[in-house]
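**Student:** my_file-v4.txt (compact mmCIF, C-alpha atoms) pasted underneath:
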```txt
# COMPACT_ATOMS: atom_id res chain seq x y z
CA MET L 1126 0.00 0.00 0.00
CA PRO L 1127 1.44 3.41 -0.88
CA ASP L 1128 2.61 5.78 1.81
CA GLN L 1129 -0.46 7.96 2.30
CA ALA L 1130 -0.26 8.99 5.93
CA GLY L 1131 1.28 12.41 5.88
CA SER L 1132 5.02 11.83 5.65
CA GLY L 1133 5.17 11.54 1.87
CA SER L 1134 8.12 9.15 2.04
CA SER L 1135 8.77 5.67 3.37
CA GLU L 1136 12.26 6.84 4.35
CA LYS L 1137 11.65 10.07 6.28
CA LEU L 1138 9.18 11.33 8.81
CA VAL L 1139 8.45 14.96 7.98
CA VAL L 1140 6.92 17.18 10.65
CA ALA L 1141 6.47 20.90 10.02
CA GLY L 1142 9.15 20.76 7.34
CA ARG L 1143 11.68 18.96 9.55
CA GLU L 1144 12.93 15.56 8.37
CA PHE L 1145 13.59 12.64 10.70
CA THR L 1146 14.98 9.24 9.84
CA SER L 1147 13.58 7.70 13.03
CA ARG L 1148 9.84 7.34 13.50
CA LEU L 1149 10.19 6.68 17.22
CA ILE L 1150 9.90 9.61 19.64
CA ILE L 1151 10.66 9.04 23.30
CA GLY L 1152 10.02 10.95 26.51
CA THR L 1153 12.28 12.19 29.27
CA GLY L 1154 10.39 11.25 32.42
CA LYS L 1155 10.33 8.33 34.88
CA TYR L 1156 13.88 7.18 34.14
CA ALA L 1157 16.20 6.29 37.01
CA SER L 1158 18.55 9.04 35.83
CA TYR L 1159 19.21 11.41 32.94
CA ALA L 1160 22.14 9.16 32.04
CA GLN L 1161 19.82 6.16 31.65
CA ASN L 1162 17.45 8.32 29.61
CA ALA L 1163 20.31 9.19 27.28
CA GLN L 1164 21.30 5.53 26.90
CA ALA L 1165 17.72 4.64 26.03
CA ALA L 1166 17.49 7.45 23.46
CA GLU L 1167 20.65 6.16 21.82
CA ALA L 1168 19.39 2.57 21.77
CA ALA L 1169 16.04 3.70 20.36
CA GLY L 1170 17.72 5.62 17.55
CA ALA L 1171 15.46 8.53 18.47
CA GLU L 1172 16.02 11.98 17.00
CA MET L 1173 13.26 13.78 18.89
CA VAL L 1174 12.55 13.78 22.63
CA THR L 1175 9.55 15.26 24.34
CA VAL L 1176 10.20 17.27 27.49
CA ALA L 1177 7.76 18.18 30.26
CA LEU L 1178 9.20 21.56 31.15
CA ARG L 1179 7.33 21.63 34.45
CA ARG L 1180 9.01 18.43 35.62
CA VAL L 1181 12.41 18.22 33.95
CA ASN L 1182 15.40 20.45 34.57
CA VAL L 1183 16.34 21.39 31.04
CA ALA L 1184 18.99 24.02 31.61
CA GLU L 1185 18.81 25.50 35.12
CA ALA L 1186 22.30 25.76 36.56
CA GLY L 1187 23.17 24.38 39.98
CA SER L 1188 21.72 20.89 39.55
CA GLU L 1189 21.90 18.05 37.06
CA ARG L 1190 20.43 19.07 33.72
CA LEU L 1191 18.86 17.14 30.88
CA ILE L 1192 20.99 18.99 28.33
CA ASP L 1193 24.13 17.59 29.97
CA HIS L 1194 23.06 14.12 28.82
CA LEU L 1195 20.81 14.67 25.79
CA ASP L 1196 22.56 17.16 23.54
CA PRO L 1197 20.05 19.64 22.03
CA LYS L 1198 22.28 19.74 18.94
CA LYS L 1199 21.72 16.01 18.45
CA TYR L 1200 18.10 15.69 19.57
CA VAL L 1201 15.16 17.91 18.70
CA TYR L 1202 13.58 18.93 21.97
CA LEU L 1203 9.79 18.88 21.87
CA PRO L 1204 8.44 20.86 24.85
CA ASN L 1205 5.09 19.59 26.05
CA THR L 1206 2.33 20.78 28.33
CA ALA L 1207 2.06 17.73 30.60
CA GLY L 1208 0.11 18.67 33.71
CA CYS L 1209 -1.99 21.38 32.05
CA PHE L 1210 -5.76 21.17 32.46
CA THR L 1211 -6.87 24.37 30.71
CA ALA L 1212 -6.12 25.95 27.36
CA GLU L 1213 -4.84 29.08 29.09
CA ASP L 1214 -2.37 27.12 31.19
CA ALA L 1215 -1.08 25.19 28.18
CA VAL L 1216 -0.63 28.31 26.07
CA ARG L 1217 1.16 30.12 28.88
CA THR L 1218 3.50 27.15 29.44
CA LEU L 1219 4.54 26.98 25.80
CA LYS L 1220 5.01 30.73 25.49
CA LEU L 1221 7.38 30.56 28.46
CA ALA L 1222 9.16 27.63 26.78
CA ARG L 1223 9.65 29.64 23.61
CA GLU L 1224 11.05 32.56 25.58
CA ALA L 1225 13.41 30.26 27.49
CA GLY L 1226 14.68 28.07 24.68
CA GLY L 1227 13.41 29.46 21.41
CA TRP L 1228 11.26 26.39 20.73
CA SER L 1229 8.44 26.75 18.22
CA LEU L 1230 7.78 23.06 17.48
CA VAL L 1231 5.80 21.89 20.50
CA LYS L 1232 3.58 19.11 21.77
CA LEU L 1233 0.22 20.27 23.07
CA GLU L 1234 -1.79 18.28 25.57
CA VAL L 1235 -4.66 19.60 27.67
CA LEU L 1236 -5.93 17.02 30.13
CA SER L 1237 -9.41 16.55 31.55
CA ASP L 1238 -8.77 14.90 34.92
CA GLN L 1239 -6.02 13.41 37.08
CA LYS L 1240 -7.42 9.87 37.12
CA THR L 1241 -7.49 9.16 33.38
CA LEU L 1242 -5.31 11.96 31.95
CA TYR L 1243 -7.72 11.82 29.03
CA PRO L 1244 -7.52 14.85 26.73
CA ASP L 1245 -10.09 17.62 27.05
CA MET L 1246 -10.73 18.06 23.37
CA ALA L 1247 -12.62 21.37 23.53
CA GLU L 1248 -9.77 22.95 25.50
CA THR L 1249 -7.19 21.27 23.27
CA LEU L 1250 -8.71 22.72 20.11
CA LYS L 1251 -8.97 26.15 21.73
CA ALA L 1252 -5.31 26.08 22.74
CA ALA L 1253 -4.19 24.76 19.35
CA LYS L 1254 -5.86 27.61 17.49
CA GLU L 1255 -4.30 30.23 19.76
CA LEU L 1256 -0.83 28.71 19.54
CA ILE L 1257 -0.94 28.34 15.76
CA SER L 1258 -2.07 31.94 15.37
CA ASP L 1259 0.96 32.93 17.46
CA GLY L 1260 3.42 31.12 15.20
CA PHE L 1261 3.81 27.78 16.97
CA GLU L 1262 4.04 24.49 15.08
CA VAL L 1263 1.76 22.24 17.09
CA MET L 1264 1.90 18.48 17.43
CA VAL L 1265 -1.25 17.66 19.33
CA TYR L 1266 -2.18 14.84 21.73
CA CYS L 1267 -5.84 13.95 21.25
CA SER L 1268 -8.50 11.32 21.68
CA ASP L 1269 -8.91 8.65 19.01
CA ASP L 1270 -11.88 10.57 17.57
CA PRO L 1271 -11.67 11.02 13.79
CA VAL L 1272 -13.96 14.07 13.93
CA TYR L 1273 -11.79 15.98 16.38
CA ALA L 1274 -8.66 14.80 14.59
CA ARG L 1275 -9.95 16.43 11.42
CA LYS L 1276 -10.82 19.64 13.30
CA LEU L 1277 -7.29 19.82 14.70
CA GLU L 1278 -5.77 19.29 11.27
CA ASP L 1279 -8.08 21.92 9.77
CA ALA L 1280 -6.94 24.31 12.49
CA GLY L 1281 -3.37 23.89 11.23
CA CYS L 1282 -1.77 21.33 13.55
CA ALA L 1283 1.51 19.91 12.25
CA ALA L 1284 0.84 16.37 13.51
CA ILE L 1285 -2.12 14.53 14.99
CA MET L 1286 -1.27 12.33 17.98
CA PRO L 1287 -4.19 10.09 18.99
CA LEU L 1288 -3.88 8.01 22.13
CA GLY L 1289 -3.59 4.25 21.84
CA SER L 1290 -4.94 3.99 25.38
CA LEU L 1291 -4.56 5.97 28.59
CA ILE L 1292 -1.23 7.64 29.33
CA GLY L 1293 1.11 5.28 31.17
CA SER L 1294 -1.37 2.38 31.11
CA GLY L 1295 0.55 0.02 28.81
CA LEU L 1296 -2.77 -1.30 27.50
CA GLY L 1297 -1.79 -0.97 23.85
CA ILE L 1298 -4.06 0.21 21.05
CA GLN L 1299 -7.63 -0.24 22.20
CA ASN L 1300 -9.40 1.13 19.12
CA PRO L 1301 -7.49 0.22 15.95
CA VAL L 1302 -10.54 1.01 13.78
CA ASN L 1303 -10.55 4.66 14.81
CA ILE L 1304 -6.79 4.97 14.49
CA ARG L 1305 -7.05 3.63 10.96
CA LEU L 1306 -9.84 6.10 10.13
CA ILE L 1307 -7.70 8.97 11.39
CA VAL L 1308 -4.77 7.77 9.26
CA GLU L 1309 -6.90 7.47 6.14
CA GLN L 1310 -8.20 11.02 6.34
CA ALA L 1311 -5.04 12.79 7.50
CA LYS L 1312 -2.75 14.86 5.32
CA VAL L 1313 -0.31 15.48 8.18
CA PRO L 1314 1.61 12.83 10.15
CA VAL L 1315 -0.35 10.65 12.55
CA ILE L 1316 1.69 9.57 15.57
CA VAL L 1317 0.27 7.26 18.22
CA ASP L 1318 0.90 8.86 21.59
CA ALA L 1319 0.18 7.10 24.90
CA GLY L 1320 -0.67 3.57 25.95
CA VAL L 1321 2.10 1.59 24.25
CA GLY L 1322 3.32 -1.14 26.59
CA THR L 1323 5.57 -3.38 24.55
CA ALA L 1324 7.07 -3.83 21.10
CA SER L 1325 4.02 -5.50 19.55
CA ASP L 1326 1.93 -2.41 20.39
CA ALA L 1327 4.39 -0.19 18.53
CA ALA L 1328 4.41 -2.55 15.56
CA MET L 1329 0.61 -2.54 15.48
CA ALA L 1330 0.52 1.25 15.38
CA MET L 1331 2.84 1.26 12.41
CA GLU L 1332 0.99 -1.57 10.65
CA LEU L 1333 -2.16 0.58 10.86
CA GLY L 1334 -0.34 3.17 8.76
CA CYS L 1335 0.72 5.61 11.45
CA ASP L 1336 3.74 7.72 10.68
CA GLY L 1337 5.34 7.27 14.07
CA VAL L 1338 4.98 6.36 17.73
CA LEU L 1339 5.69 8.39 20.86
CA MET L 1340 6.28 6.59 24.14
CA ASN L 1341 7.76 7.13 27.56
CA THR L 1342 6.57 4.75 30.27
CA ALA L 1343 6.90 1.63 28.10
CA ILE L 1344 10.64 2.18 27.97
CA ALA L 1345 11.32 3.99 31.24
CA GLU L 1346 9.47 1.45 33.43
CA ALA L 1347 10.72 -1.68 31.68
CA ARG L 1348 13.02 -3.88 33.77
CA ASP L 1349 15.76 -3.07 31.27
CA PRO L 1350 14.90 0.30 29.70
CA VAL L 1351 17.83 0.36 27.30
CA ARG L 1352 17.05 -3.09 25.92
CA MET L 1353 13.36 -2.18 25.61
CA ALA L 1354 14.31 0.97 23.72
CA LYS L 1355 16.20 -1.18 21.25
CA ALA L 1356 13.20 -3.50 20.91
CA MET L 1357 10.94 -0.52 20.22
CA LYS L 1358 13.29 0.71 17.51
CA HIS L 1359 13.05 -2.60 15.69
CA ALA L 1360 9.28 -2.84 16.24
CA VAL L 1361 8.65 0.54 14.63
CA ILE L 1362 10.84 -0.34 11.66
CA ALA L 1363 9.21 -3.76 11.23
CA GLY L 1364 5.70 -2.35 11.52
CA ARG L 1365 6.41 0.33 8.95
CA GLU L 1366 7.89 -2.17 6.50
CA ALA L 1367 4.91 -4.50 6.97
CA TYR L 1368 2.48 -1.63 6.28
CA LEU L 1369 4.29 -0.58 3.13
CA SER L 1370 4.56 -4.21 1.96
CA GLY L 1371 0.80 -4.75 2.09
CA ARG L 1372 -0.21 -7.72 4.18
CA MET L 1373 -1.87 -10.81 2.74
CA PRO L 1374 -5.66 -10.95 3.01
CA LYS L 1375 -7.21 -12.87 5.89
CA LYS L 1376 -9.05 -16.02 4.80
CA ARG L 1377 -11.63 -18.24 6.42
CA TYR L 1378 -10.05 -21.49 5.24
CA ALA L 1379 -6.62 -22.94 4.57
CA ASP L 1380 -4.74 -22.05 1.41
CA PRO L 1381 -1.80 -24.43 0.77
CA SER L 1382 1.63 -22.88 0.33
CA SER L 1383 2.43 -25.45 -2.36
CA PRO L 1384 0.08 -26.16 -5.28
CA LEU L 1385 -1.94 -29.35 -5.03
CA ALA L 1386 -2.32 -29.91 -8.78
CA GLY L 1387 -0.10 -32.53 -10.41
CA LEU L 1388 0.73 -34.42 -7.22
CA ILE L 1389 1.79 -38.08 -7.61
```
Translate this file's structure into structure tokens.
**Tutor:**
Amino acid sequence: MPDQAGSGSSEKLVVAGREFTSRLIIGTGKYASYAQNAQAAEAAGAEMVTVALRRVNVAEAGSERLIDHLDPKKYVYLPNTAGCFTAEDAVRTLKLAREAGGWSLVKLEVLSDQKTLYPDMAETLKAAKELISDGFEVMVYCSDDPVYARKLEDAGCAAIMPLGSLIGSGLGIQNPVNIRLIVEQAKVPVIVDAGVGTASDAAMAMELGCDGVLMNTAIAEARDPVRMAKAMKHAVIAGREAYLSGRMPKKRYADPSSPLAGLI
């Protein structure tokens, strides 16, 4: 099946005009140390890392800093709005991030409640419109709702990032039908964000035609985060190749691998 889901190339992921060889984006939270985080990023082959500016010391002097381990010249930092529950709070957080680090490519998430961390889509759309009008390039975390995904794309978002399942749950992709519908209608990259637990979940996302996968907990809370990061790298590559190859159709009955005609 041809590459239809936003990137325009089987080789590169293109987001807001930026090209990435890797289709795996990882987070910078929950690791035992920044050093371990850096080892995982290396093993994953990641080129972009998402950073919760409210929780991670990016550059403040006097204590250990993320930039001492993950070089901003090597990795694209993607500031996010983790912990924001209103559009106003999210917009303010990202404006402060731009002032502090000059970042314009950002990940927007506006959450509805502490228990589920499910996105508040009305507030998300409101924040996205304001940020885009102010010159931000917005990658947006959202529900797996094709209608809202289209609204976010129409508003000018650079990437649509539907959840596979709840943040940090490890439940995998719970609604592959909706993810596929979002992929089919999108003209920007679709990146599954949240809920991945293991390599097969990442492969499934890519087999559905997604352009990439973002994950944090699945790697950071594995018994061996660095080895899991390596597994995720291979899963994303395998899933992408399987999608582009075009899988065989499912059949109700057996179909012999060798022809039966002419047997002795």
**Student:** Quick one: residues within 6 Å of segment 1325-1339 of chain L, all atoms listed in the file counted, chain neighbours fewer than 3 positions away excluded, as a ChimeraX atom specification?
**Tutor:** /L:1148-1151,1297,1305,1314-1318,1321,1360-1361,1364-1365,1368
**Student:** Could you check how far atom CA of Gly1281 of chain L sits from atom CA of Ser1258 of chain L, in Å to one decimal?
**Tutor:** 9.1 Å
**Student:** Please report the interatomic distance between atom CA of Gly1152 of chain L and atom CA of Ile1285 of chain L in Å with one decimal.
**Tutor:**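 Those two atoms sit 17.1 Å apart.
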**Student:** Ranking L:Glu1262, L:Glu1167, L:Glu1234, L:Glu1255 by minimum distance to Met1286 of chain L and counting only C-alpha atoms, which one comes first?
**Tutor:** L:Glu1234
**Student:** What does the structure give for the distance between atom CA of Arg1352 of chain L and atom CA of Lys1232 of chain L, in Å to one decimal?
**Tutor:**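 Result for atom CA of Arg1352 of chain L versus atom CA of Lys1232 of chain L: 26.3 Å, one decimal.
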**Student:** Out of L:Ile1298, L:Glu1346, L:Ala1141, L:Leu1306, which residue has the shortest atom-to-atom distance to Ile1257 of chain L when counting only C-alpha atoms?
**Tutor:**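 Smallest distance to Ile1257 of chain L is found for L:Ala1141.
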**Student:** Pick out the residues sitting within 8 Å of segment 1235-1245 of chain L, and hand them over as number ranges by chain; count all atoms listed in the file, and ignore anything fewer than 6 positions along from it in its own chain.
**Tutor:** L: 1206-1212, 1215, 1266-1268, 1291-1292
